[in-house]
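Worksheet: the structure to be examined is printed underneath.
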Amino acid sequence: MAPRPLAPTRPLNVPLLAVAGAVTVANIYFPQPLLAAVAHGLDVSERTAGLIASAAQIGYALGILLLVPLADTARLRRLTSVLLALTSTALLVAAAAPDVLTLTLATLALSTTTVLPQILTPVAAVLAGPGRRGRVVGLVGLGLTLGSTVSRTVSGTVTDASGSWRVAYGVAAVATAALLLVLPRRLPERLGPSGHTSYAGLLAGLPRLLAVHRELRTSALLGACVFAAFSVFWSVLAFHLAAPPLGYGPGAAGLFGLLTLPAALLSAAAGPLADRYGASAVNAGSLACAGLGLALAGLTPSSPTALVAGANLLVVGVSSCQVANQARIFGIGRAVAARVNTVFMLATFGGGALGSLAGSWLYTAYGWQAALLAAGACVAVAGLVVVAARPAVPSCVRDVTREAGGIRPRIPQGES
């Protein structure tokens, strides 16, 4: 029997969900412009400091795998409160870290628990319904994009003004803790109907979702490729800007977040476009933007203007691709919304972790162009995935099985 429609006790508050997503996702990205300052302050090499960025991506992937599936059955308000409290505590530990090992472990812990954006996105999609799904996912996605970009500006500016990268971690802890006063009470009690599925059962069912739903496989591959390229760029940008002939500090690296705000705002259009033209069409255009941005930044490494333009193209490409991918997977069904998002984001941030690690290594060994060449290769692979994906023929028949999150193993799954 299909589950009854979700009946939230409060209306959908998209701006609040977008702000909460921005604040929490910022915890993954704000340390990136600080890596050179961390390396200097803790007296370690740039390659060692780069492990912090990788730890953030790995921790986020672990949190998505171990915690996000709970949103399909757990009490959302309680789950949200616990995650916010744990993240704030880990940020304070990172701010006081005496060495790079402690900082890396604290980063791993805080990034594991700051997975609220990947809970809020399916909540927004479920409450919005099919008619507004793409638009609402796009708006929440805009919040995540703004959080990931502006956080770099804020952390770089705070570090420059205070003279210590530790203050940036303290600011992040206060902002995350402030959400405890507002967010939990504005969420529905549950995302879907209560059930008796065990925690082990939730995790064990993830591979089956990936095996059965073709649109989930397509989005997962695309997410991994484009986010690997994105992470390569941002994990080495601070090092490139600090090196001759540019010689900029953490503030300049963080300023790139502010300078990519136009791209972040433009990416909000990806949701309505995906609703109208299909996710694959938006994916194709997004990959073209990302590839052009990497080429521009790689071919003119000493031009600040070209680097800013390249960063904007990369941000709009990756963010729009992300929105299109999620619009595709949330059509599978509300009963498994958090779990399909788990599979998708696990693949995405797994790719991001590999991208950060590979970017730091390639930059140290071979330089800026080598790192961006690897990022471009990731975008090219994503392009092959889009070409190989076959869009489904639109149907006017209401799909009850899909709305219930059911599985149809003999029917190919296409665009949602």
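To be explicit about the labels: the chains of the structure tokens are called A, B, and onward in the order shown, and within each one the residues are counted from 1, while ligands get numbers from 1 in the order they are shown.
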With only C-alpha atoms counted and 12 Å as the cut-off, give the residues of stretch 114-133 of chain A in contact with stretch 77-83 of chain A, each with its shortest interatomic distance in Å and the pair that gives it, as a tab-separated table.
residue	atom	partner	partner_atom	distance
A:Thr114	CA	A:Leu83	CA	6.6
A:Val115	CA	A:Leu83	CA	7.9
A:Leu116	CA	A:Thr80	CA	7.0
A:Pro117	CA	A:Thr80	CA	10.4
A:Gln118	CA	A:Thr80	CA	11.4
A:Ile119	CA	A:Thr80	CA	8.8
A:Leu120	CA	A:Thr80	CA	9.6
A:Val123	CA	A:Arg77	CA	12.0
Give me the residues near stretch 318-330 of chain A as an MDAnalysis selection string, where near means some atom within 6 Å (using only C-alpha atoms) and where sequence neighbours in that chain fewer than 5 positions away do not count.
chainID A and resid 134 138 216 219 267 270 274 279 283 286 415:416
Please produce a file of the residues just selected, as a PDB file, in the first residue's frame, where the atoms kept are C-alpha atoms.
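And here is the file that came out, part.pdb:
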ATOM      1  CA  GLY A 134      12.724  21.775  -9.415  1.00  0.00           C
ATOM      2  CA  GLY A 138      16.986  25.220  -7.017  1.00  0.00           C
ATOM      3  CA  LEU A 216      20.136   7.656  -9.706  1.00  0.00           C
ATOM      4  CA  SER A 219      23.161  11.570 -11.310  1.00  0.00           C
ATOM      5  CA  SER A 267      22.520  28.855 -10.771  1.00  0.00           C
ATOM      6  CA  ALA A 270      18.722  25.608 -13.121  1.00  0.00           C
ATOM      7  CA  ALA A 274      15.294  21.327 -15.447  1.00  0.00           C
ATOM      8  CA  ALA A 279      17.809  17.397 -16.313  1.00  0.00           C
ATOM      9  CA  ASN A 283      23.620  18.962 -17.305  1.00  0.00           C
ATOM     10  CA  SER A 286      26.449  23.155 -17.055  1.00  0.00           C
ATOM     11  CA  GLU A 415      14.424  11.797 -16.534  1.00  0.00           C
ATOM     12  CA  SER A 416      12.113  12.903 -13.800  1.00  0.00           C
TER      13      SER A 416
END
Could you tell me how far atom CA of A:Leu35 sits from atom CA of A:Gly249, in Å to one decimal place?
10.6 Å
Determine, counting only C-alpha atoms, which protein, DNA and RNA residues have an atom within 8 Å of an atom of A:Leu42; residues of the same chain fewer than 5 positions away are not included. Present the result as a list in words.
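Near neighbours after the sequence-gap exclusion: Pro98, Asp99 and Val100 of chain A.
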Excluding stretch 162-164 of chain A and residues on its chain fewer than 2 positions from it, collect all residues at most 10 Å away from it, counting only C-alpha atoms, and give them as a ChimeraX atom specification.
/A:34,37-38,41,95,156-160,166-169
Produce a file of the selected residues containing all heavy atoms, as an mmCIF file, in the first residue's frame.
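Final file, again31.cif:
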data_model
loop_
_atom_site.group_PDB
_atom_site.id
_atom_site.type_symbol
_atom_site.label_atom_id
_atom_site.label_comp_id
_atom_site.auth_asym_id
_atom_site.auth_seq_id
_atom_site.Cartn_x
_atom_site.Cartn_y
_atom_site.Cartn_z
ATOM 1 N N LEU A 34 42.083 29.106 4.030
ATOM 2 C CA LEU A 34 42.950 29.234 5.196
ATOM 3 C C LEU A 34 44.105 28.240 5.196
ATOM 4 O O LEU A 34 44.925 28.251 6.115
ATOM 5 C CB LEU A 34 42.124 29.027 6.480
ATOM 6 C CG LEU A 34 40.801 29.784 6.588
ATOM 7 C CD1 LEU A 34 40.137 29.493 7.925
ATOM 8 C CD2 LEU A 34 41.010 31.275 6.397
ATOM 9 N N ALA A 37 47.539 29.644 5.557
ATOM 10 C CA ALA A 37 47.733 30.205 6.892
ATOM 11 C C ALA A 37 47.858 29.100 7.939
ATOM 12 O O ALA A 37 48.653 29.207 8.890
ATOM 13 C CB ALA A 37 46.556 31.126 7.243
ATOM 14 N N VAL A 38 47.089 28.027 7.793
ATOM 15 C CA VAL A 38 47.189 26.895 8.708
ATOM 16 C C VAL A 38 48.563 26.236 8.600
ATOM 17 O O VAL A 38 49.198 25.900 9.613
ATOM 18 C CB VAL A 38 46.076 25.867 8.420
ATOM 19 C CG1 VAL A 38 46.325 24.566 9.170
ATOM 20 C CG2 VAL A 38 44.716 26.440 8.800
ATOM 21 N N GLY A 41 50.932 28.554 10.368
ATOM 22 C CA GLY A 41 50.704 28.630 11.802
ATOM 23 C C GLY A 41 51.056 27.361 12.554
ATOM 24 O O GLY A 41 51.526 27.410 13.697
ATOM 25 N N ALA A 95 39.001 25.024 16.555
ATOM 26 C CA ALA A 95 39.537 26.362 16.812
ATOM 27 C C ALA A 95 40.680 26.335 17.818
ATOM 28 O O ALA A 95 41.590 27.169 17.758
ATOM 29 C CB ALA A 95 38.422 27.275 17.314
ATOM 30 N N GLY A 156 38.350 34.119 4.962
ATOM 31 C CA GLY A 156 39.578 34.806 4.589
ATOM 32 C C GLY A 156 39.654 36.197 5.188
ATOM 33 O O GLY A 156 40.707 36.618 5.685
ATOM 34 N N THR A 157 38.522 36.926 5.165
ATOM 35 C CA THR A 157 38.492 38.272 5.725
ATOM 36 C C THR A 157 38.692 38.248 7.231
ATOM 37 O O THR A 157 39.442 39.062 7.790
ATOM 38 C CB THR A 157 37.154 38.950 5.380
ATOM 39 O OG1 THR A 157 36.996 38.986 3.958
ATOM 40 C CG2 THR A 157 37.105 40.361 5.926
ATOM 41 N N VAL A 158 38.028 37.321 7.906
ATOM 42 C CA VAL A 158 38.169 37.204 9.360
ATOM 43 C C VAL A 158 39.606 36.864 9.731
ATOM 44 O O VAL A 158 40.164 37.411 10.702
ATOM 45 C CB VAL A 158 37.191 36.146 9.904
ATOM 46 C CG1 VAL A 158 37.517 35.788 11.354
ATOM 47 C CG2 VAL A 158 35.761 36.649 9.810
ATOM 48 N N THR A 159 40.214 35.978 8.974
ATOM 49 C CA THR A 159 41.601 35.595 9.260
ATOM 50 C C THR A 159 42.548 36.768 9.056
ATOM 51 O O THR A 159 43.453 37.004 9.873
ATOM 52 C CB THR A 159 42.021 34.417 8.365
ATOM 53 O OG1 THR A 159 41.185 33.298 8.647
ATOM 54 C CG2 THR A 159 43.471 34.030 8.600
ATOM 55 N N ASP A 160 42.357 37.517 7.988
ATOM 56 C CA ASP A 160 43.197 38.691 7.747
ATOM 57 C C ASP A 160 43.021 39.733 8.841
ATOM 58 O O ASP A 160 43.987 40.339 9.311
ATOM 59 C CB ASP A 160 42.866 39.311 6.387
ATOM 60 C CG ASP A 160 43.635 38.645 5.257
ATOM 61 O OD1 ASP A 160 44.503 37.800 5.543
ATOM 62 O OD2 ASP A 160 43.351 38.957 4.086
ATOM 63 N N ARG A 166 42.190 30.628 13.584
ATOM 64 C CA ARG A 166 41.341 30.025 14.626
ATOM 65 C C ARG A 166 40.048 30.804 14.841
ATOM 66 O O ARG A 166 39.011 30.229 15.186
ATOM 67 C CB ARG A 166 42.117 29.928 15.938
ATOM 68 C CG ARG A 166 43.373 29.078 15.849
ATOM 69 C CD ARG A 166 44.121 29.045 17.183
ATOM 70 N NE ARG A 166 45.394 28.357 17.056
ATOM 71 C CZ ARG A 166 45.573 27.047 17.135
ATOM 72 N NH1 ARG A 166 44.503 26.277 17.368
ATOM 73 N NH2 ARG A 166 46.759 26.500 17.011
ATOM 74 N N VAL A 167 40.099 32.119 14.642
ATOM 75 C CA VAL A 167 38.903 32.939 14.843
ATOM 76 C C VAL A 167 37.805 32.553 13.854
ATOM 77 O O VAL A 167 36.613 32.568 14.192
ATOM 78 C CB VAL A 167 39.262 34.434 14.704
ATOM 79 C CG1 VAL A 167 38.014 35.307 14.854
ATOM 80 C CG2 VAL A 167 40.306 34.824 15.743
ATOM 81 N N ALA A 168 38.197 32.194 12.641
ATOM 82 C CA ALA A 168 37.207 31.788 11.640
ATOM 83 C C ALA A 168 36.431 30.562 12.109
ATOM 84 O O ALA A 168 35.212 30.459 11.900
ATOM 85 C CB ALA A 168 37.894 31.514 10.305
ATOM 86 N N TYR A 169 37.113 29.613 12.742
ATOM 87 C CA TYR A 169 36.431 28.432 13.278
ATOM 88 C C TYR A 169 35.474 28.823 14.404
ATOM 89 O O TYR A 169 34.380 28.251 14.537
ATOM 90 C CB TYR A 169 37.454 27.418 13.781
ATOM 91 C CG TYR A 169 38.064 26.574 12.694
ATOM 92 C CD1 TYR A 169 39.186 27.015 11.995
ATOM 93 C CD2 TYR A 169 37.522 25.347 12.345
ATOM 94 C CE1 TYR A 169 39.756 26.252 10.981
ATOM 95 C CE2 TYR A 169 38.078 24.569 11.334
ATOM 96 C CZ TYR A 169 39.192 25.037 10.660
ATOM 97 O OH TYR A 169 39.749 24.268 9.653
#
A:Ile28: which residues within 12 Å, counting only C-alpha atoms, same-chain residues fewer than 5 positions away excluded, as a PDB file with N, CA and C atoms, in the first residue's frame?
ATOM      1  N   GLY A  21      20.829  25.716   5.282  1.00  0.00           N
ATOM      2  CA  GLY A  21      21.730  24.950   4.439  1.00  0.00           C
ATOM      3  C   GLY A  21      23.016  25.702   4.159  1.00  0.00           C
ATOM      4  N   ALA A  22      22.915  27.019   3.943  1.00  0.00           N
ATOM      5  CA  ALA A  22      24.100  27.829   3.664  1.00  0.00           C
ATOM      6  C   ALA A  22      25.051  27.839   4.854  1.00  0.00           C
ATOM      7  N   VAL A  23      24.508  28.017   6.051  1.00  0.00           N
ATOM      8  CA  VAL A  23      25.353  28.088   7.250  1.00  0.00           C
ATOM      9  C   VAL A  23      26.058  26.760   7.507  1.00  0.00           C
ATOM     10  N   PRO A  33      40.338  28.594   1.987  1.00  0.00           N
ATOM     11  CA  PRO A  33      41.259  29.729   1.809  1.00  0.00           C
ATOM     12  C   PRO A  33      42.279  29.862   2.948  1.00  0.00           C
ATOM     13  N   ILE A  52      43.565  18.585   5.361  1.00  0.00           N
ATOM     14  CA  ILE A  52      42.391  19.112   6.058  1.00  0.00           C
ATOM     15  C   ILE A  52      41.205  19.206   5.095  1.00  0.00           C
ATOM     16  N   ALA A  53      41.460  19.689   3.878  1.00  0.00           N
ATOM     17  CA  ALA A  53      40.387  19.762   2.879  1.00  0.00           C
ATOM     18  C   ALA A  53      39.878  18.375   2.530  1.00  0.00           C
ATOM     19  N   SER A  54      40.792  17.415   2.411  1.00  0.00           N
ATOM     20  CA  SER A  54      40.374  16.045   2.118  1.00  0.00           C
ATOM     21  C   SER A  54      39.574  15.452   3.270  1.00  0.00           C
ATOM     22  N   ALA A  55      39.989  15.744   4.521  1.00  0.00           N
ATOM     23  CA  ALA A  55      39.264  15.244   5.691  1.00  0.00           C
ATOM     24  C   ALA A  55      37.841  15.786   5.721  1.00  0.00           C
ATOM     25  N   ALA A  56      37.673  17.041   5.295  1.00  0.00           N
ATOM     26  CA  ALA A  56      36.332  17.625   5.270  1.00  0.00           C
ATOM     27  C   ALA A  56      35.427  16.886   4.285  1.00  0.00           C
ATOM     28  N   GLN A  57      35.956  16.578   3.109  1.00  0.00           N
ATOM     29  CA  GLN A  57      35.159  15.879   2.114  1.00  0.00           C
ATOM     30  C   GLN A  57      34.879  14.439   2.542  1.00  0.00           C
ATOM     31  N   ILE A  58      35.879  13.773   3.104  1.00  0.00           N
ATOM     32  CA  ILE A  58      35.692  12.392   3.552  1.00  0.00           C
ATOM     33  C   ILE A  58      34.670  12.332   4.686  1.00  0.00           C
ATOM     34  N   GLY A  59      34.795  13.248   5.638  1.00  0.00           N
ATOM     35  CA  GLY A  59      33.849  13.283   6.744  1.00  0.00           C
ATOM     36  C   GLY A  59      32.435  13.547   6.277  1.00  0.00           C
ATOM     37  N   TYR A  60      32.284  14.454   5.327  1.00  0.00           N
ATOM     38  CA  TYR A  60      30.956  14.759   4.800  1.00  0.00           C
ATOM     39  C   TYR A  60      30.354  13.530   4.126  1.00  0.00           C
ATOM     40  N   ALA A  61      31.186  12.804   3.375  1.00  0.00           N
ATOM     41  CA  ALA A  61      30.703  11.579   2.734  1.00  0.00           C
ATOM     42  C   ALA A  61      30.286  10.547   3.783  1.00  0.00           C
ATOM     43  N   THR A  87      28.093  19.476  15.733  1.00  0.00           N
ATOM     44  CA  THR A  87      28.911  20.252  14.800  1.00  0.00           C
ATOM     45  C   THR A  87      29.521  21.465  15.486  1.00  0.00           C
ATOM     46  N   LEU A  91      33.570  22.251  15.954  1.00  0.00           N
ATOM     47  CA  LEU A  91      34.172  23.489  15.460  1.00  0.00           C
ATOM     48  C   LEU A  91      34.995  24.180  16.550  1.00  0.00           C
ATOM     49  N   ALA A 106      39.357  16.866  14.118  1.00  0.00           N
ATOM     50  CA  ALA A 106      38.195  17.700  14.419  1.00  0.00           C
ATOM     51  C   ALA A 106      37.435  18.035  13.135  1.00  0.00           C
ATOM     52  N   THR A 107      38.178  18.291  12.060  1.00  0.00           N
ATOM     53  CA  THR A 107      37.542  18.556  10.768  1.00  0.00           C
ATOM     54  C   THR A 107      36.758  17.342  10.291  1.00  0.00           C
ATOM     55  N   LEU A 108      37.334  16.170  10.452  1.00  0.00           N
ATOM     56  CA  LEU A 108      36.640  14.942  10.082  1.00  0.00           C
ATOM     57  C   LEU A 108      35.347  14.793  10.863  1.00  0.00           C
ATOM     58  N   ALA A 109      35.399  15.098  12.176  1.00  0.00           N
ATOM     59  CA  ALA A 109      34.211  14.968  13.023  1.00  0.00           C
ATOM     60  C   ALA A 109      33.143  15.989  12.658  1.00  0.00           C
ATOM     61  N   LEU A 110      33.527  17.254  12.517  1.00  0.00           N
ATOM     62  CA  LEU A 110      32.524  18.291  12.253  1.00  0.00           C
ATOM     63  C   LEU A 110      31.909  18.140  10.871  1.00  0.00           C
ATOM     64  N   SER A 111      32.693  17.684   9.899  1.00  0.00           N
ATOM     65  CA  SER A 111      32.140  17.498   8.561  1.00  0.00           C
ATOM     66  C   SER A 111      31.225  16.276   8.496  1.00  0.00           C
ATOM     67  N   THR A 112      31.427  15.316   9.397  1.00  0.00           N
ATOM     68  CA  THR A 112      30.538  14.156   9.466  1.00  0.00           C
ATOM     69  C   THR A 112      29.160  14.541   9.972  1.00  0.00           C
ATOM     70  N   THR A 113      29.107  15.490  10.907  1.00  0.00           N
ATOM     71  CA  THR A 113      27.819  15.861  11.516  1.00  0.00           C
ATOM     72  C   THR A 113      27.156  17.062  10.866  1.00  0.00           C
ATOM     73  N   THR A 114      27.862  17.781   9.994  1.00  0.00           N
ATOM     74  CA  THR A 114      27.256  18.964   9.361  1.00  0.00           C
ATOM     75  C   THR A 114      26.577  18.602   8.048  1.00  0.00           C
ATOM     76  N   VAL A 115      25.837  17.496   8.053  1.00  0.00           N
ATOM     77  CA  VAL A 115      25.176  16.998   6.837  1.00  0.00           C
ATOM     78  C   VAL A 115      23.726  17.474   6.739  1.00  0.00           C
ATOM     79  N   LEU A 116      23.375  18.460   7.538  1.00  0.00           N
ATOM     80  CA  LEU A 116      22.000  18.962   7.525  1.00  0.00           C
ATOM     81  C   LEU A 116      21.535  19.420   6.144  1.00  0.00           C
ATOM     82  N   PRO A 117      22.393  20.018   5.315  1.00  0.00           N
ATOM     83  CA  PRO A 117      21.919  20.400   3.976  1.00  0.00           C
ATOM     84  C   PRO A 117      21.340  19.237   3.176  1.00  0.00           C
ATOM     85  N   LEU A 144      22.869  26.700  -0.667  1.00  0.00           N
ATOM     86  CA  LEU A 144      24.086  25.900  -0.484  1.00  0.00           C
ATOM     87  C   LEU A 144      25.246  26.490  -1.283  1.00  0.00           C
ATOM     88  N   THR A 145      24.951  26.947  -2.490  1.00  0.00           N
ATOM     89  CA  THR A 145      26.005  27.554  -3.303  1.00  0.00           C
ATOM     90  C   THR A 145      26.521  28.832  -2.666  1.00  0.00           C
ATOM     91  N   GLY A 147      26.409  29.568   0.483  1.00  0.00           N
ATOM     92  CA  GLY A 147      27.153  29.197   1.683  1.00  0.00           C
ATOM     93  C   GLY A 147      28.554  28.733   1.373  1.00  0.00           C
ATOM     94  N   SER A 148      28.688  27.943   0.316  1.00  0.00           N
ATOM     95  CA  SER A 148      30.004  27.416  -0.021  1.00  0.00           C
ATOM     96  C   SER A 148      30.918  28.487  -0.589  1.00  0.00           C
ATOM     97  N   THR A 149      30.351  29.485  -1.271  1.00  0.00           N
ATOM     98  CA  THR A 149      31.182  30.520  -1.878  1.00  0.00           C
ATOM     99  C   THR A 149      31.454  31.682  -0.920  1.00  0.00           C
ATOM    100  N   SER A 151      31.300  31.733   2.262  1.00  0.00           N
ATOM    101  CA  SER A 151      32.053  31.310   3.444  1.00  0.00           C
ATOM    102  C   SER A 151      33.554  31.479   3.237  1.00  0.00           C
ATOM    103  N   ARG A 152      34.015  31.295   2.023  1.00  0.00           N
ATOM    104  CA  ARG A 152      35.434  31.473   1.737  1.00  0.00           C
ATOM    105  C   ARG A 152      35.835  32.940   1.915  1.00  0.00           C
ATOM    106  N   SER A 155      35.690  33.718   5.815  1.00  0.00           N
ATOM    107  CA  SER A 155      36.797  33.136   6.576  1.00  0.00           C
ATOM    108  C   SER A 155      38.125  33.799   6.238  1.00  0.00           C
ATOM    109  N   TYR A 169      37.113  29.613  12.742  1.00  0.00           N
ATOM    110  CA  TYR A 169      36.431  28.432  13.278  1.00  0.00           C
ATOM    111  C   TYR A 169      35.474  28.823  14.404  1.00  0.00           C
ATOM    112  N   ALA A 172      32.315  30.265  12.898  1.00  0.00           N
ATOM    113  CA  ALA A 172      31.487  29.195  12.343  1.00  0.00           C
ATOM    114  C   ALA A 172      30.740  28.448  13.445  1.00  0.00           C
ATOM    115  N   SER A 231      36.462  20.491  -6.622  1.00  0.00           N
ATOM    116  CA  SER A 231      37.334  20.406  -5.448  1.00  0.00           C
ATOM    117  C   SER A 231      38.803  20.564  -5.810  1.00  0.00           C
ATOM    118  N   TRP A 234      39.303  24.474  -6.069  1.00  0.00           N
ATOM    119  CA  TRP A 234      39.263  25.250  -4.831  1.00  0.00           C
ATOM    120  C   TRP A 234      40.292  24.795  -3.804  1.00  0.00           C
ATOM    121  N   SER A 235      40.707  23.548  -3.868  1.00  0.00           N
ATOM    122  CA  SER A 235      41.697  23.082  -2.892  1.00  0.00           C
ATOM    123  C   SER A 235      43.102  23.595  -3.191  1.00  0.00           C
ATOM    124  N   PHE A 349      30.400  13.612  -2.987  1.00  0.00           N
ATOM    125  CA  PHE A 349      31.472  14.051  -2.088  1.00  0.00           C
ATOM    126  C   PHE A 349      32.601  13.038  -2.001  1.00  0.00           C
ATOM    127  N   GLY A 352      34.529  14.483  -4.572  1.00  0.00           N
ATOM    128  CA  GLY A 352      35.149  15.702  -4.064  1.00  0.00           C
ATOM    129  C   GLY A 352      36.374  15.425  -3.217  1.00  0.00           C
ATOM    130  N   ALA A 353      36.301  14.388  -2.385  1.00  0.00           N
ATOM    131  CA  ALA A 353      37.444  14.033  -1.544  1.00  0.00           C
ATOM    132  C   ALA A 353      38.635  13.612  -2.391  1.00  0.00           C
TER     133      ALA A 353
END
Using only C-alpha atoms, which of the listed residues (A:Val336, A:Ala228, A:Ala370, A:Val140) sits closest to A:Leu314?
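Between A:Val336, A:Ala228, A:Ala370, A:Val140, the residue approaching A:Leu314 most closely is A:Ala228.
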What residues in stretch 320-402 of chain A get the DSSP label helix (DSSP H, G or I)? Please answer as a count of residues only.
67
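Reported to one decimal place, the separation of atom CA of A:Val315 from atom CA of A:Ala290 is 7.3 Å.
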Write out as a ChimeraX atom specification which residues come within 9 Å of A:Arg133 when counting only C-alpha atoms, dropping same-chain ones fewer than 2 positions away.
/A:124-131,135-138,271-272,275,327,330-331
Pull N, CA, C and O atoms from the residues just selected and write them as a short mmCIF file (atom, residue, chain, number, x, y, z; two decimals), in the first residue's frame.
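Written out: out_11.cif:
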data_model
loop_
_atom_site.label_atom_id
_atom_site.label_comp_id
_atom_site.auth_asym_id
_atom_site.auth_seq_id
_atom_site.Cartn_x
_atom_site.Cartn_y
_atom_site.Cartn_z
N ALA A 124 12.61 19.75 1.58
CA ALA A 124 12.03 20.79 0.73
C ALA A 124 11.37 20.18 -0.51
O ALA A 124 10.28 20.60 -0.91
N ALA A 125 12.02 19.19 -1.12
CA ALA A 125 11.47 18.57 -2.32
C ALA A 125 10.16 17.85 -2.03
O ALA A 125 9.21 17.93 -2.81
N VAL A 126 10.10 17.15 -0.91
CA VAL A 126 8.89 16.41 -0.55
C VAL A 126 7.74 17.36 -0.24
O VAL A 126 6.60 17.18 -0.69
N LEU A 127 8.01 18.40 0.53
CA LEU A 127 6.95 19.33 0.91
C LEU A 127 6.48 20.17 -0.28
O LEU A 127 5.33 20.58 -0.34
N ALA A 128 7.37 20.41 -1.24
CA ALA A 128 7.00 21.22 -2.40
C ALA A 128 6.08 20.47 -3.35
O ALA A 128 5.17 21.05 -3.94
N GLY A 129 6.30 19.17 -3.52
CA GLY A 129 5.50 18.38 -4.45
C GLY A 129 6.05 18.47 -5.87
O GLY A 129 6.91 19.30 -6.17
N PRO A 130 5.57 17.61 -6.77
CA PRO A 130 6.10 17.53 -8.14
C PRO A 130 6.04 18.84 -8.91
O PRO A 130 6.94 19.17 -9.66
N GLY A 131 4.96 19.62 -8.73
CA GLY A 131 4.81 20.84 -9.51
C GLY A 131 5.85 21.90 -9.23
O GLY A 131 6.15 22.72 -10.10
N ARG A 135 11.98 24.01 -8.86
CA ARG A 135 12.16 25.39 -8.41
C ARG A 135 12.63 25.45 -6.96
O ARG A 135 13.55 26.20 -6.61
N VAL A 136 11.99 24.66 -6.08
CA VAL A 136 12.35 24.68 -4.66
C VAL A 136 13.74 24.10 -4.43
O VAL A 136 14.54 24.64 -3.66
N VAL A 137 14.05 23.00 -5.10
CA VAL A 137 15.40 22.43 -4.99
C VAL A 137 16.43 23.44 -5.48
O VAL A 137 17.52 23.57 -4.90
N GLY A 138 16.07 24.20 -6.53
CA GLY A 138 16.99 25.22 -7.02
C GLY A 138 17.22 26.32 -6.00
O GLY A 138 18.35 26.80 -5.85
N GLY A 271 16.85 25.05 -11.63
CA GLY A 271 15.68 24.27 -11.24
C GLY A 271 14.53 24.40 -12.21
O GLY A 271 14.04 23.40 -12.76
N PRO A 272 14.04 25.64 -12.47
CA PRO A 272 12.97 25.80 -13.46
C PRO A 272 13.36 25.29 -14.85
O PRO A 272 12.52 24.74 -15.56
N ASP A 275 12.93 21.59 -14.87
CA ASP A 275 11.51 21.24 -14.96
C ASP A 275 11.00 21.36 -16.39
O ASP A 275 10.18 20.56 -16.84
N ALA A 327 17.04 17.31 -8.97
CA ALA A 327 15.68 17.33 -9.52
C ALA A 327 15.35 15.98 -10.16
O ALA A 327 14.21 15.50 -10.09
N PHE A 330 14.89 13.12 -7.13
CA PHE A 330 13.75 13.25 -6.21
C PHE A 330 12.44 12.87 -6.87
O PHE A 330 11.41 12.80 -6.21
N GLY A 331 12.46 12.60 -8.17
CA GLY A 331 11.28 12.06 -8.82
C GLY A 331 11.08 10.58 -8.56
O GLY A 331 10.06 10.02 -8.94
#
Nearest residue to A:Leu210 out of A:Ala377, A:Asn341, A:Leu76, A:Trp368, using only C-alpha atoms?
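Among the listed residues, the smallest separation from A:Leu210 belongs to A:Asn341.
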